[in-house]
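Before any comments, here is the structure.
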2 protein chains.
Amino acid sequence: MSQKNPLLEAFKQTKYHIPGHGKREIQVLKDALSSMDGNLESDVYGSGKIIEDFQEKMAKYLGKESSVFFPSGTMAQQIALRIWCDQKDLKRVAYHPLCHLEIHEEDGLKKLHGVEPVLLADKNRVITLEDVTSMNQEISCLLLELPQREIGGQLPEYDELVAISNYCRNKGIKLHLDGARLFEILPFYQKSAAEVCALFDSVYVSFYKGVGGVAGAILAGPKDFTEESKVWKRRHGGDLISLYPYIISADYYFDQRVHKMGQYYENAKELAAYYNQCSSVKTVPEIPISNMFHVYFDLPKEKIESILIGVYNDVGIGLSGYVKEIDKDTCFYEVSMGDHYAAIPKEKLEELFQKLGERINKDIVTVD
Amino acid sequence: MSQKNPLLEAFKQTKYHIPGHGKREIQVLKDALSSMDGNLESDVYGSGKIIEDFQEKMAKYLGKESSVFFPSGTMAQQIALRIWCDQKDLKRVAYHPLCHLEIHEEDGLKKLHGVEPVLLADKNRVITLEDVTSMNQEISCLLLELPQREIGGQLPEYDELVAISNYCRNKGIKLHLDGARLFEILPFYQKSAAEVCALFDSVYVSFYKGVGGVAGAILAGPKDFTEESKVWKRRHGGDLISLYPYIISADYYFDQRVHKMGQYYENAKELAAYYNQCSSVKTVPEIPISNMFHVYFDLPKEKIESILIGVYNDVGIGLSGYVKEIDKDTCFYEVSMGDHYAAIPKEKLEELFQKLGERINKDIVTVD
């Protein structure tokens, strides 16, 4: 698997990394466990203090009656949609064309649950109230992903969200929140998690994005909904005898970072501004609304890779370990801010983007 | 959840425990991690050194072309059966009436995969060649569980197993091994894991039974089968960004204990003989064939619970933390041997079973 990738290698060699909290290495788990008493009993098939306490804590934080810890969001969300479909006896839901369930789960929702999705909105923008009201098929559930990750982390206006929620309630459509990055958008909305979640019937949150845990997810909603989700969790093979490695790390890093989302958001805005000063470079959103955004280059992938490698080697700061081709002339990558950014000296950042801008300009001149 | 349970409390208070390796507490994971370099990179969605090395190691040990690490056996086995069904375009399999998929998985196989099982054999005995040959429905796959856990861990004769395997191969029926306790039966069969697995097309093994890891499973078979299983693993929500907490502990305890299965087996035979000396008590199997067996009491559950509590308090050795009622006059529990047993002084064991026998006798006399 570990083919030599010169950009990734150059990225790994840099002293500072712009995105993230740190490497995904086993020290992440060791740190979370280090302060824990070894005699603490494991959860056992969904029962026990470790799992029950955390579920209660997250239900409270999200303002929901009850919550269930899952090994993955993939499992949690398929199950959420299945339950709402069964309740209405209608196996149709609606979501964005770039929804995680549509593009990253090998069609699990269709192949395991027989649930058919209606794809709402153009893939380059978020779902609007009009998309929802003009739908001509009946659905059991609408899934909204906040922020919409695959388009750089965009968000509807909060009023639009409220309007969609009201419409769905009036029409008997359940509203499910894909909140993989819910914590990350709270500073922009200036709302508590519970306030946002109150607009939704069910909500999933993740612990290895902005929180930086090892893996795992929470699904929250009414008690009868979460109880039914436990049955499906067992059916999926997710009711493990021990989920504590994920629970302990989720809890540990949640406490450590959930209050830092405002800082990551400010950092993202600052960094995006640096990028947008360079010609042939733009960020989406132009002004980030969370800790994440996408960086687009009007340059061929190979070209920007070689420019990045040069800048990494010169300045000792890594911007990204990969670049994804869009077509032969353009490419992009995703940036998610975490603890790393704060450690980078400002003058080094200035130097980094000055050099990046210069080399891109030089390259454009050369090409022209 | 933690209702006061006097038997369990008395069991926990004893100095020595007969069954198992130790408590299911987070020290189990801490120990496995302690010798690992914190800089070791996480597996990422099924790729990376940690997961690939272990999959290769287990494929080799099981004598199969390839293997895949799963968070649970529930997930691994449903997927194995689904793949064999799809290959034959026939969604029917056969297994024992007390198969894990039939009684412990909330009908995941039926509800997620639409696979219907044929239940073979009387539930109190293992599947025979005749059960298989006299089946009057076509099936894609036969699942055999070795040993059959829910009846105390019984096994077919090895020759019978070979005959079933040959029959299935001739008839184009895939043979899948539920090897949750495969390691544990190798001393009885006097075969290597690879020799037993050679009789099967696919095999699942678990790492938290005799091995004593945290959780996790391996599914092994031909390369095209395991590759397809990875797609289903993603659909199930089991393709976690990081499975290393389970992989590291599985690997650690596998190395520590797989060679001790012979000792656990001998210990089980010795312990069963102690039990069988007491009146109104019998073990199934009478002579264990692995590290496990069931203990049946011709006494009401409440009666034997109070006898056990007395003996635990007197001798300081715990036999079981629970008793399961069968009917108002009989009850049972399961015993699985591990590292604990070897630490118990022989004279204490003698004392334990002498007192147990005496109190049961006294109780029988009193009742009569």
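Going by the structure tokens order, chains are called A, B, ..., each with residues numbered from 1, while ligands are numbered from 1 in the order shown.
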
Long-range neighbours of Phe54 in chain B as a list of chain:residue names, 10 Å cut-off, only C-alpha atoms, 5 positions minimum in chain: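 The neighbour list is B:Lys49, B:Ala59, B:Lys60, B:Ser67, B:Val68, B:Phe69, B:Ile218, B:Ile247, B:Ile248, B:Ala250, B:Asp251.
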
Would you give me, as a VMD selection string, the residues of chain A that come within 7 Å of chain B, using only C-alpha atoms? chain A and resid 1 24 to 27 38 to 42 47 to 48 72 74 to 75 105 to 108 112 to 113 214 to 215 231 234 to 237 240 to 242 245

For the residues in the current selection, export C-alpha atoms as an mmCIF file, in the first residue's frame.
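Everything below was put into result-v1.cif:
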```cif
data_model
loop_
_atom_site.group_PDB
_atom_site.id
_atom_site.type_symbol
_atom_site.label_atom_id
_atom_site.label_comp_id
_atom_site.auth_asym_id
_atom_site.auth_seq_id
_atom_site.Cartn_x
_atom_site.Cartn_y
_atom_site.Cartn_z
ATOM 1 C CA MET A 1 0.000 0.000 0.000
ATOM 2 C CA ARG A 24 -2.965 9.440 13.352
ATOM 3 C CA GLU A 25 -0.718 7.239 15.437
ATOM 4 C CA ILE A 26 -1.302 4.982 18.405
ATOM 5 C CA GLN A 27 -0.029 7.615 20.833
ATOM 6 C CA GLY A 38 -6.760 0.194 34.641
ATOM 7 C CA ASN A 39 -9.367 -1.404 36.882
ATOM 8 C CA LEU A 40 -12.199 0.384 35.148
ATOM 9 C CA GLU A 41 -14.541 -2.279 33.808
ATOM 10 C CA SER A 42 -15.144 -2.610 30.087
ATOM 11 C CA SER A 47 -24.019 -1.878 28.876
ATOM 12 C CA GLY A 48 -21.777 -0.625 31.649
ATOM 13 C CA SER A 72 -19.031 4.380 12.906
ATOM 14 C CA THR A 74 -21.821 4.902 8.381
ATOM 15 C CA MET A 75 -23.587 2.410 10.625
ATOM 16 C CA GLU A 105 -20.582 3.728 1.689
ATOM 17 C CA GLU A 106 -20.685 1.362 -1.293
ATOM 18 C CA ASP A 107 -24.468 1.775 -1.388
ATOM 19 C CA GLY A 108 -24.967 0.172 2.009
ATOM 20 C CA LEU A 112 -28.630 -3.626 3.134
ATOM 21 C CA HIS A 113 -31.777 -1.626 3.818
ATOM 22 C CA VAL A 214 -9.675 7.413 17.356
ATOM 23 C CA ALA A 215 -13.061 6.545 15.805
ATOM 24 C CA VAL A 231 -31.345 -3.608 17.792
ATOM 25 C CA ARG A 234 -26.572 -5.608 16.786
ATOM 26 C CA ARG A 235 -27.840 -6.663 13.360
ATOM 27 C CA HIS A 236 -25.057 -4.684 11.685
ATOM 28 C CA GLY A 237 -22.426 -6.335 13.860
ATOM 29 C CA LEU A 240 -19.237 -5.081 20.141
ATOM 30 C CA ILE A 241 -18.441 -6.699 23.463
ATOM 31 C CA SER A 242 -16.124 -3.705 24.082
ATOM 32 C CA PRO A 245 -11.203 2.150 23.206
#
```

Take chain B, lay it over chain A with a least-squares fit on all the Cα atoms in order, then hand it over as a compact mmCIF listing (two decimals) with C-alpha atoms, in the first residue's frame.
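File written: part-v3.txt
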```txt
# COMPACT_ATOMS: atom_id res chain seq x y z
CA MET B 1 -0.06 0.04 0.00
CA SER B 2 2.67 2.55 0.97
CA GLN B 3 3.74 3.47 -2.56
CA LYS B 4 6.33 6.23 -2.49
CA ASN B 5 4.49 9.50 -2.84
CA PRO B 6 6.95 12.41 -3.08
CA LEU B 7 4.45 15.07 -1.93
CA LEU B 8 3.38 13.02 1.07
CA GLU B 9 7.01 12.28 1.93
CA ALA B 10 7.94 15.97 1.71
CA PHE B 11 4.89 16.83 3.83
CA LYS B 12 5.90 14.30 6.50
CA GLN B 13 9.42 15.78 6.61
CA THR B 14 8.28 19.29 7.47
CA LYS B 15 8.65 20.61 11.00
CA TYR B 16 5.19 22.18 11.07
CA HIS B 17 1.92 20.92 9.64
CA ILE B 18 -0.84 23.39 8.90
CA PRO B 19 -3.90 21.10 9.14
CA GLY B 20 -5.07 18.78 11.90
CA HIS B 21 -4.10 17.97 15.44
CA GLY B 22 -1.28 15.55 14.87
CA LYS B 23 -0.47 12.28 13.25
CA ARG B 24 -2.96 9.43 13.35
CA GLU B 25 -0.71 7.23 15.44
CA ILE B 26 -1.31 4.98 18.42
CA GLN B 27 -0.03 7.60 20.84
CA VAL B 28 -3.45 9.21 20.41
CA LEU B 29 -5.02 6.24 22.17
CA LYS B 30 -2.19 5.87 24.67
CA ASP B 31 -2.64 9.47 25.77
CA ALA B 32 -6.37 9.03 26.24
CA LEU B 33 -5.83 5.88 28.31
CA SER B 34 -2.93 7.15 30.37
CA SER B 35 -5.03 8.95 32.96
CA MET B 36 -7.59 6.13 33.23
CA ASP B 37 -7.63 3.61 36.06
CA GLY B 38 -6.77 0.20 34.64
CA ASN B 39 -9.38 -1.40 36.88
CA LEU B 40 -12.21 0.40 35.14
CA GLU B 41 -14.53 -2.28 33.81
CA SER B 42 -15.14 -2.61 30.09
CA ASP B 43 -18.53 -1.88 28.63
CA VAL B 44 -20.18 -5.18 27.69
CA TYR B 45 -22.42 -5.31 24.62
CA GLY B 46 -23.69 -1.77 25.09
CA SER B 47 -24.02 -1.86 28.89
CA GLY B 48 -21.78 -0.63 31.67
CA LYS B 49 -20.69 2.66 33.17
CA ILE B 50 -18.21 3.70 30.47
CA ILE B 51 -20.72 3.61 27.63
CA GLU B 52 -23.80 4.65 29.59
CA ASP B 53 -22.15 7.70 31.13
CA PHE B 54 -20.85 8.92 27.78
CA GLN B 55 -24.19 8.34 26.05
CA GLU B 56 -25.91 10.33 28.78
CA LYS B 57 -23.34 13.13 28.55
CA MET B 58 -23.72 13.40 24.77
CA ALA B 59 -27.53 13.22 24.88
CA LYS B 60 -27.46 16.15 27.27
CA TYR B 61 -24.95 18.10 25.19
CA LEU B 62 -27.02 17.55 22.05
CA GLY B 63 -30.28 18.30 23.85
CA LYS B 64 -31.78 14.93 22.97
CA GLU B 65 -33.61 12.45 25.16
CA SER B 66 -31.16 9.63 24.56
CA SER B 67 -28.06 8.67 22.62
CA VAL B 68 -26.21 5.52 21.53
CA PHE B 69 -22.51 5.08 20.84
CA PHE B 70 -21.70 3.48 17.46
CA PRO B 71 -18.38 2.29 16.03
CA SER B 72 -19.03 4.38 12.90
CA GLY B 73 -21.21 7.08 11.43
CA THR B 74 -21.82 4.90 8.39
CA MET B 75 -23.58 2.41 10.62
CA ALA B 76 -25.36 5.02 12.72
CA GLN B 77 -26.81 6.95 9.80
CA GLN B 78 -28.02 4.00 7.73
CA ILE B 79 -29.80 2.80 10.84
CA ALA B 80 -31.32 6.21 11.58
CA LEU B 81 -32.76 6.44 8.08
CA ARG B 82 -33.99 2.83 8.21
CA ILE B 83 -35.87 3.46 11.45
CA TRP B 84 -37.59 6.57 10.12
CA CYS B 85 -38.47 4.70 6.91
CA ASP B 86 -39.92 1.76 8.84
CA GLN B 87 -41.94 4.11 11.01
CA LYS B 88 -43.62 5.60 7.95
CA ASP B 89 -43.55 2.33 5.99
CA LEU B 90 -41.92 4.16 3.09
CA LYS B 91 -38.37 3.35 2.08
CA ARG B 92 -37.49 6.66 0.48
CA VAL B 93 -35.34 9.46 1.89
CA ALA B 94 -33.78 12.62 0.47
CA TYR B 95 -30.26 13.95 0.74
CA HIS B 96 -27.57 15.93 -1.07
CA PRO B 97 -25.93 14.33 -4.14
CA LEU B 98 -22.57 14.37 -2.31
CA CYS B 99 -23.99 12.89 0.90
CA HIS B 100 -21.65 10.42 2.63
CA LEU B 101 -24.25 7.67 2.18
CA GLU B 102 -24.33 8.27 -1.56
CA ILE B 103 -20.62 8.40 -2.33
CA HIS B 104 -18.61 6.73 0.47
CA GLU B 105 -20.58 3.71 1.69
CA GLU B 106 -20.68 1.34 -1.29
CA ASP B 107 -24.48 1.76 -1.40
CA GLY B 108 -24.98 0.17 2.02
CA LEU B 109 -28.28 2.02 2.48
CA LYS B 110 -29.64 0.54 -0.74
CA LYS B 111 -28.05 -2.91 -0.55
CA LEU B 112 -28.63 -3.63 3.14
CA HIS B 113 -31.78 -1.63 3.83
CA GLY B 114 -33.45 -1.28 0.44
CA VAL B 115 -33.85 2.45 1.05
CA GLU B 116 -33.89 4.62 -2.09
CA PRO B 117 -32.63 8.20 -1.98
CA VAL B 118 -33.90 11.26 -3.80
CA LEU B 119 -30.91 13.50 -4.58
CA LEU B 120 -31.72 17.11 -3.78
CA ALA B 121 -30.03 20.27 -5.10
CA ASP B 122 -27.18 20.80 -7.50
CA LYS B 123 -24.06 19.12 -6.17
CA ASN B 124 -22.15 22.41 -5.96
CA ARG B 125 -24.46 24.09 -3.46
CA VAL B 126 -26.32 23.28 -0.25
CA ILE B 127 -29.96 22.17 -0.08
CA THR B 128 -32.46 25.06 0.09
CA LEU B 129 -36.02 25.26 1.34
CA GLU B 130 -37.15 25.43 -2.27
CA ASP B 131 -35.40 22.16 -3.10
CA VAL B 132 -37.40 20.56 -0.31
CA THR B 133 -40.77 22.11 -1.05
CA SER B 134 -40.53 21.39 -4.78
CA MET B 135 -39.76 17.71 -4.32
CA ASN B 136 -42.38 15.69 -6.15
CA GLN B 137 -41.87 12.40 -4.32
CA GLU B 138 -42.99 11.53 -0.83
CA ILE B 139 -40.15 10.76 1.59
CA SER B 140 -39.82 9.49 5.15
CA CYS B 141 -36.77 11.47 6.08
CA LEU B 142 -34.60 14.33 4.88
CA LEU B 143 -30.92 14.22 5.78
CA LEU B 144 -29.01 17.50 6.01
CA GLU B 145 -25.24 17.52 6.40
CA LEU B 146 -23.96 20.55 8.30
CA PRO B 147 -21.55 21.65 6.98
CA GLN B 148 -21.66 20.06 3.52
CA ARG B 149 -18.19 18.54 3.56
CA GLU B 150 -17.66 17.67 -0.08
CA ILE B 151 -18.15 21.28 -1.18
CA GLY B 152 -15.67 22.71 1.26
CA GLY B 153 -17.97 22.81 4.26
CA GLN B 154 -20.77 25.14 3.18
CA LEU B 155 -23.81 25.92 5.31
CA PRO B 156 -27.32 27.24 4.76
CA GLU B 157 -28.28 30.43 6.57
CA TYR B 158 -29.68 29.58 9.97
CA ASP B 159 -33.10 31.01 9.07
CA GLU B 160 -33.25 28.74 6.04
CA LEU B 161 -32.50 25.80 8.29
CA VAL B 162 -35.32 26.77 10.63
CA ALA B 163 -37.68 27.10 7.68
CA ILE B 164 -36.73 23.65 6.35
CA SER B 165 -37.24 22.18 9.82
CA ASN B 166 -40.67 23.78 10.16
CA TYR B 167 -41.70 22.60 6.71
CA CYS B 168 -40.63 19.02 7.45
CA ARG B 169 -42.47 18.98 10.77
CA ASN B 170 -45.65 20.20 9.11
CA LYS B 171 -45.35 17.60 6.36
CA GLY B 172 -44.53 14.68 8.68
CA ILE B 173 -41.04 14.34 7.22
CA LYS B 174 -38.37 13.35 9.76
CA LEU B 175 -35.27 15.54 9.68
CA HIS B 176 -31.92 13.85 10.36
CA LEU B 177 -28.68 15.75 10.95
CA ASP B 178 -25.43 14.42 9.57
CA GLY B 179 -23.42 16.31 12.15
CA ALA B 180 -20.05 14.72 11.43
CA ARG B 181 -18.72 18.28 11.82
CA LEU B 182 -21.48 19.76 13.99
CA PHE B 183 -19.14 20.96 16.75
CA GLU B 184 -17.12 22.79 14.13
CA ILE B 185 -19.99 25.02 12.89
CA LEU B 186 -21.35 26.18 16.25
CA PRO B 187 -19.07 29.27 16.42
CA PHE B 188 -20.35 30.44 13.02
CA TYR B 189 -24.02 29.90 13.85
CA GLN B 190 -23.45 31.27 17.35
CA LYS B 191 -25.75 28.54 18.64
CA SER B 192 -25.37 25.72 21.12
CA ALA B 193 -25.37 22.15 19.82
CA ALA B 194 -28.72 21.64 21.53
CA GLU B 195 -30.22 24.66 19.74
CA VAL B 196 -29.18 23.34 16.33
CA CYS B 197 -30.22 19.77 17.17
CA ALA B 198 -33.65 20.95 18.32
CA LEU B 199 -34.43 21.52 14.64
CA PHE B 200 -33.80 17.82 13.92
CA ASP B 201 -35.49 14.57 14.95
CA SER B 202 -32.22 12.64 15.06
CA VAL B 203 -28.58 13.56 14.91
CA TYR B 204 -25.24 11.85 14.37
CA VAL B 205 -21.94 13.33 15.50
CA SER B 206 -18.40 12.05 14.95
CA PHE B 207 -15.39 12.02 17.25
CA TYR B 208 -12.50 11.81 14.85
CA LYS B 209 -12.96 14.98 12.83
CA GLY B 210 -12.49 18.25 14.76
CA VAL B 211 -12.45 16.35 18.05
CA GLY B 212 -9.53 14.16 16.91
CA GLY B 213 -10.45 10.89 18.65
CA VAL B 214 -9.67 7.41 17.35
CA ALA B 215 -13.06 6.53 15.81
CA GLY B 216 -16.71 6.30 16.82
CA ALA B 217 -19.98 8.15 16.62
CA ILE B 218 -23.05 9.07 18.62
CA LEU B 219 -26.61 8.78 17.34
CA ALA B 220 -29.11 10.79 19.37
CA GLY B 221 -32.86 11.23 19.35
CA PRO B 222 -36.01 10.17 21.17
CA LYS B 223 -35.70 7.18 23.50
CA ASP B 224 -37.81 4.80 21.37
CA PHE B 225 -35.69 5.71 18.34
CA THR B 226 -32.37 5.08 20.11
CA GLU B 227 -33.67 1.83 21.62
CA GLU B 228 -34.58 0.60 18.15
CA SER B 229 -31.18 1.72 16.89
CA LYS B 230 -29.55 -0.66 19.38
CA VAL B 231 -31.35 -3.60 17.79
CA TRP B 232 -30.10 -2.55 14.35
CA LYS B 233 -26.63 -1.95 15.77
CA ARG B 234 -26.57 -5.60 16.79
CA ARG B 235 -27.84 -6.66 13.36
CA HIS B 236 -25.06 -4.68 11.69
CA GLY B 237 -22.43 -6.34 13.87
CA GLY B 238 -21.69 -3.08 15.69
CA ASP B 239 -22.77 -4.12 19.17
CA LEU B 240 -19.24 -5.08 20.15
CA ILE B 241 -18.44 -6.70 23.47
CA SER B 242 -16.13 -3.71 24.10
CA LEU B 243 -16.32 -0.31 22.46
CA TYR B 244 -14.36 1.40 25.23
CA PRO B 245 -11.18 2.14 23.22
CA TYR B 246 -13.28 4.49 21.07
CA ILE B 247 -15.48 5.79 23.87
CA ILE B 248 -12.59 6.70 26.17
CA SER B 249 -10.74 8.52 23.40
CA ALA B 250 -13.91 10.24 22.17
CA ASP B 251 -14.65 11.50 25.66
CA TYR B 252 -11.06 12.55 26.32
CA TYR B 253 -10.60 14.56 23.13
CA PHE B 254 -14.13 15.96 23.21
CA ASP B 255 -13.36 17.55 26.58
CA GLN B 256 -10.01 18.73 25.31
CA ARG B 257 -11.17 20.30 22.05
CA VAL B 258 -14.88 21.02 21.79
CA HIS B 259 -14.34 24.49 23.30
CA LYS B 260 -11.56 25.20 20.78
CA MET B 261 -13.78 25.10 17.69
CA GLY B 262 -13.95 28.91 17.70
CA GLN B 263 -10.17 29.08 17.53
CA TYR B 264 -10.01 26.57 14.66
CA TYR B 265 -12.68 28.60 12.83
CA GLU B 266 -10.73 31.84 13.21
CA ASN B 267 -7.56 30.05 12.09
CA ALA B 268 -9.36 28.71 9.02
CA LYS B 269 -10.47 32.21 8.02
CA GLU B 270 -6.95 33.55 8.43
CA LEU B 271 -5.42 30.70 6.44
CA ALA B 272 -8.00 30.97 3.65
CA ALA B 273 -7.14 34.67 3.32
CA TYR B 274 -3.47 33.73 2.85
CA TYR B 275 -4.41 31.27 0.11
CA ASN B 276 -6.69 33.74 -1.63
CA GLN B 277 -3.84 36.25 -1.95
CA CYS B 278 -2.05 33.87 -4.35
CA SER B 279 -3.00 34.02 -7.98
CA SER B 280 -4.54 30.91 -9.53
CA VAL B 281 -5.63 29.83 -6.05
CA LYS B 282 -9.03 30.17 -4.42
CA THR B 283 -10.73 28.67 -1.41
CA VAL B 284 -14.28 27.33 -1.15
CA PRO B 285 -15.92 28.81 0.81
CA GLU B 286 -13.97 32.02 0.16
CA ILE B 287 -14.47 32.83 3.83
CA PRO B 288 -14.73 29.55 5.75
CA ILE B 289 -17.66 29.01 8.11
CA SER B 290 -16.01 26.25 10.12
CA ASN B 291 -12.54 24.78 10.64
CA MET B 292 -12.50 23.44 7.07
CA PHE B 293 -12.35 24.59 3.47
CA HIS B 294 -11.18 23.41 0.06
CA VAL B 295 -8.27 24.92 -1.86
CA TYR B 296 -8.59 25.03 -5.66
CA PHE B 297 -5.67 25.55 -8.02
CA ASP B 298 -5.93 26.59 -11.66
CA LEU B 299 -2.83 24.52 -12.31
CA PRO B 300 -2.19 20.91 -13.28
CA LYS B 301 -1.84 18.53 -10.32
CA GLU B 302 1.80 17.64 -11.14
CA LYS B 303 2.73 21.32 -11.39
CA ILE B 304 1.31 22.28 -8.01
CA GLU B 305 2.75 19.16 -6.41
CA SER B 306 6.24 20.08 -7.47
CA ILE B 307 5.71 23.69 -6.31
CA LEU B 308 4.44 22.47 -2.93
CA ILE B 309 7.36 20.10 -2.46
CA GLY B 310 9.78 22.98 -3.13
CA VAL B 311 8.04 25.27 -0.66
CA TYR B 312 7.82 22.57 2.04
CA ASN B 313 11.54 21.88 1.71
CA ASP B 314 12.42 25.58 1.82
CA VAL B 315 10.18 26.75 4.65
CA GLY B 316 9.62 23.59 6.66
CA ILE B 317 5.83 23.91 6.79
CA GLY B 318 3.49 21.37 5.21
CA LEU B 319 0.19 22.54 3.72
CA SER B 320 -1.23 19.22 2.55
CA GLY B 321 -0.03 15.67 2.03
CA TYR B 322 -1.99 15.21 -1.19
CA VAL B 323 -3.48 17.00 -4.19
CA LYS B 324 -6.53 15.67 -6.04
CA GLU B 325 -6.91 16.16 -9.77
CA ILE B 326 -10.18 17.62 -11.02
CA ASP B 327 -9.18 17.79 -14.70
CA LYS B 328 -5.87 18.20 -16.48
CA ASP B 329 -5.70 21.92 -15.66
CA THR B 330 -7.13 22.09 -12.16
CA CYS B 331 -6.86 20.35 -8.82
CA PHE B 332 -7.72 20.79 -5.14
CA TYR B 333 -7.26 19.60 -1.59
CA GLU B 334 -9.15 19.84 1.68
CA VAL B 335 -7.90 21.61 4.78
CA SER B 336 -9.19 20.99 8.32
CA MET B 337 -7.75 23.09 11.10
CA GLY B 338 -6.84 21.72 14.51
CA ASP B 339 -4.25 22.18 17.22
CA HIS B 340 -1.30 22.31 14.83
CA TYR B 341 -1.85 25.76 13.39
CA ALA B 342 -1.39 27.70 16.64
CA ALA B 343 2.18 26.39 17.00
CA ILE B 344 3.40 27.92 13.73
CA PRO B 345 5.28 31.23 13.95
CA LYS B 346 3.54 34.03 12.04
CA GLU B 347 6.68 35.05 10.15
CA LYS B 348 7.11 31.50 8.87
CA LEU B 349 3.53 31.55 7.59
CA GLU B 350 4.15 34.85 5.79
CA GLU B 351 7.29 33.39 4.25
CA LEU B 352 5.42 30.24 3.22
CA PHE B 353 2.69 32.04 1.34
CA GLN B 354 5.07 34.59 -0.15
CA LYS B 355 7.13 31.77 -1.64
CA LEU B 356 4.05 29.84 -2.72
CA GLY B 357 2.72 32.94 -4.50
CA GLU B 358 6.07 33.66 -6.14
CA ARG B 359 6.51 30.15 -7.46
CA ILE B 360 3.00 29.97 -8.81
CA ASN B 361 3.53 33.32 -10.55
CA LYS B 362 6.83 32.17 -11.95
CA ASP B 363 5.20 29.02 -13.19
CA ILE B 364 2.35 30.92 -14.81
CA VAL B 365 4.84 33.22 -16.53
CA THR B 366 6.94 30.25 -17.64
CA VAL B 367 3.89 28.47 -19.03
CA ASP B 368 2.70 31.61 -20.79
```

If you run DSSP on this backbone, which residues of range 210-285 of chain A come out as strand (DSSP E or B), and could you give them as a ChimeraX atom specification? /A:217-221,281-284

Sel. of alpha helix (DSSP H) residues, range 170-317 of chain A, as a VMD selection string: chain A and resid 170 to 171 182 to 189 193 to 197 223 to 236 244 to 257 261 to 277 301 to 315

Residues as selected, C-alpha atoms, written as a tab-separated table (two decimals), in the first residue's frame, can you do that?
```tsv
chain	number	residue	atom	x	y	z
A	170	ASN	CA	-45.62	20.20	9.10
A	171	LYS	CA	-45.34	17.60	6.37
A	182	LEU	CA	-21.48	19.76	14.00
A	183	PHE	CA	-19.15	20.98	16.77
A	184	GLU	CA	-17.11	22.81	14.14
A	185	ILE	CA	-19.98	25.02	12.91
A	186	LEU	CA	-21.34	26.18	16.26
A	187	PRO	CA	-19.08	29.27	16.43
A	188	PHE	CA	-20.36	30.47	13.02
A	189	TYR	CA	-24.03	29.89	13.85
A	193	ALA	CA	-25.37	22.15	19.82
A	194	ALA	CA	-28.71	21.65	21.53
A	195	GLU	CA	-30.20	24.66	19.74
A	196	VAL	CA	-29.18	23.34	16.32
A	197	CYS	CA	-30.21	19.77	17.17
A	223	LYS	CA	-35.71	7.17	23.50
A	224	ASP	CA	-37.80	4.79	21.37
A	225	PHE	CA	-35.69	5.72	18.34
A	226	THR	CA	-32.37	5.07	20.12
A	227	GLU	CA	-33.68	1.83	21.62
A	228	GLU	CA	-34.58	0.61	18.15
A	229	SER	CA	-31.18	1.71	16.89
A	230	LYS	CA	-29.55	-0.66	19.38
A	231	VAL	CA	-31.34	-3.61	17.79
A	232	TRP	CA	-30.10	-2.55	14.34
A	233	LYS	CA	-26.63	-1.96	15.77
A	234	ARG	CA	-26.57	-5.61	16.79
A	235	ARG	CA	-27.84	-6.66	13.36
A	236	HIS	CA	-25.06	-4.68	11.68
A	244	TYR	CA	-14.37	1.41	25.23
A	245	PRO	CA	-11.20	2.15	23.21
A	246	TYR	CA	-13.30	4.49	21.07
A	247	ILE	CA	-15.49	5.79	23.88
A	248	ILE	CA	-12.60	6.70	26.16
A	249	SER	CA	-10.75	8.52	23.40
A	250	ALA	CA	-13.92	10.24	22.17
A	251	ASP	CA	-14.66	11.51	25.65
A	252	TYR	CA	-11.07	12.56	26.31
A	253	TYR	CA	-10.61	14.57	23.11
A	254	PHE	CA	-14.14	15.97	23.21
A	255	ASP	CA	-13.35	17.55	26.57
A	256	GLN	CA	-10.01	18.73	25.29
A	257	ARG	CA	-11.17	20.32	22.04
A	261	MET	CA	-13.77	25.11	17.69
A	262	GLY	CA	-13.94	28.92	17.68
A	263	GLN	CA	-10.15	29.09	17.51
A	264	TYR	CA	-10.01	26.57	14.64
A	265	TYR	CA	-12.68	28.59	12.82
A	266	GLU	CA	-10.71	31.85	13.20
A	267	ASN	CA	-7.55	30.06	12.07
A	268	ALA	CA	-9.36	28.72	9.02
A	269	LYS	CA	-10.48	32.21	8.02
A	270	GLU	CA	-6.95	33.55	8.43
A	271	LEU	CA	-5.42	30.70	6.44
A	272	ALA	CA	-7.99	30.97	3.65
A	273	ALA	CA	-7.15	34.67	3.31
A	274	TYR	CA	-3.47	33.75	2.85
A	275	TYR	CA	-4.41	31.28	0.11
A	276	ASN	CA	-6.70	33.74	-1.63
A	277	GLN	CA	-3.84	36.24	-1.95
A	301	LYS	CA	-1.83	18.53	-10.32
A	302	GLU	CA	1.79	17.63	-11.13
A	303	LYS	CA	2.71	21.29	-11.36
A	304	ILE	CA	1.30	22.29	-7.99
A	305	GLU	CA	2.75	19.15	-6.41
A	306	SER	CA	6.24	20.08	-7.46
A	307	ILE	CA	5.70	23.69	-6.31
A	308	LEU	CA	4.44	22.48	-2.91
A	309	ILE	CA	7.36	20.11	-2.46
A	310	GLY	CA	9.77	22.98	-3.13
A	311	VAL	CA	8.04	25.27	-0.66
A	312	TYR	CA	7.81	22.57	2.04
A	313	ASN	CA	11.53	21.87	1.72
A	314	ASP	CA	12.41	25.57	1.82
A	315	VAL	CA	10.17	26.76	4.64
```
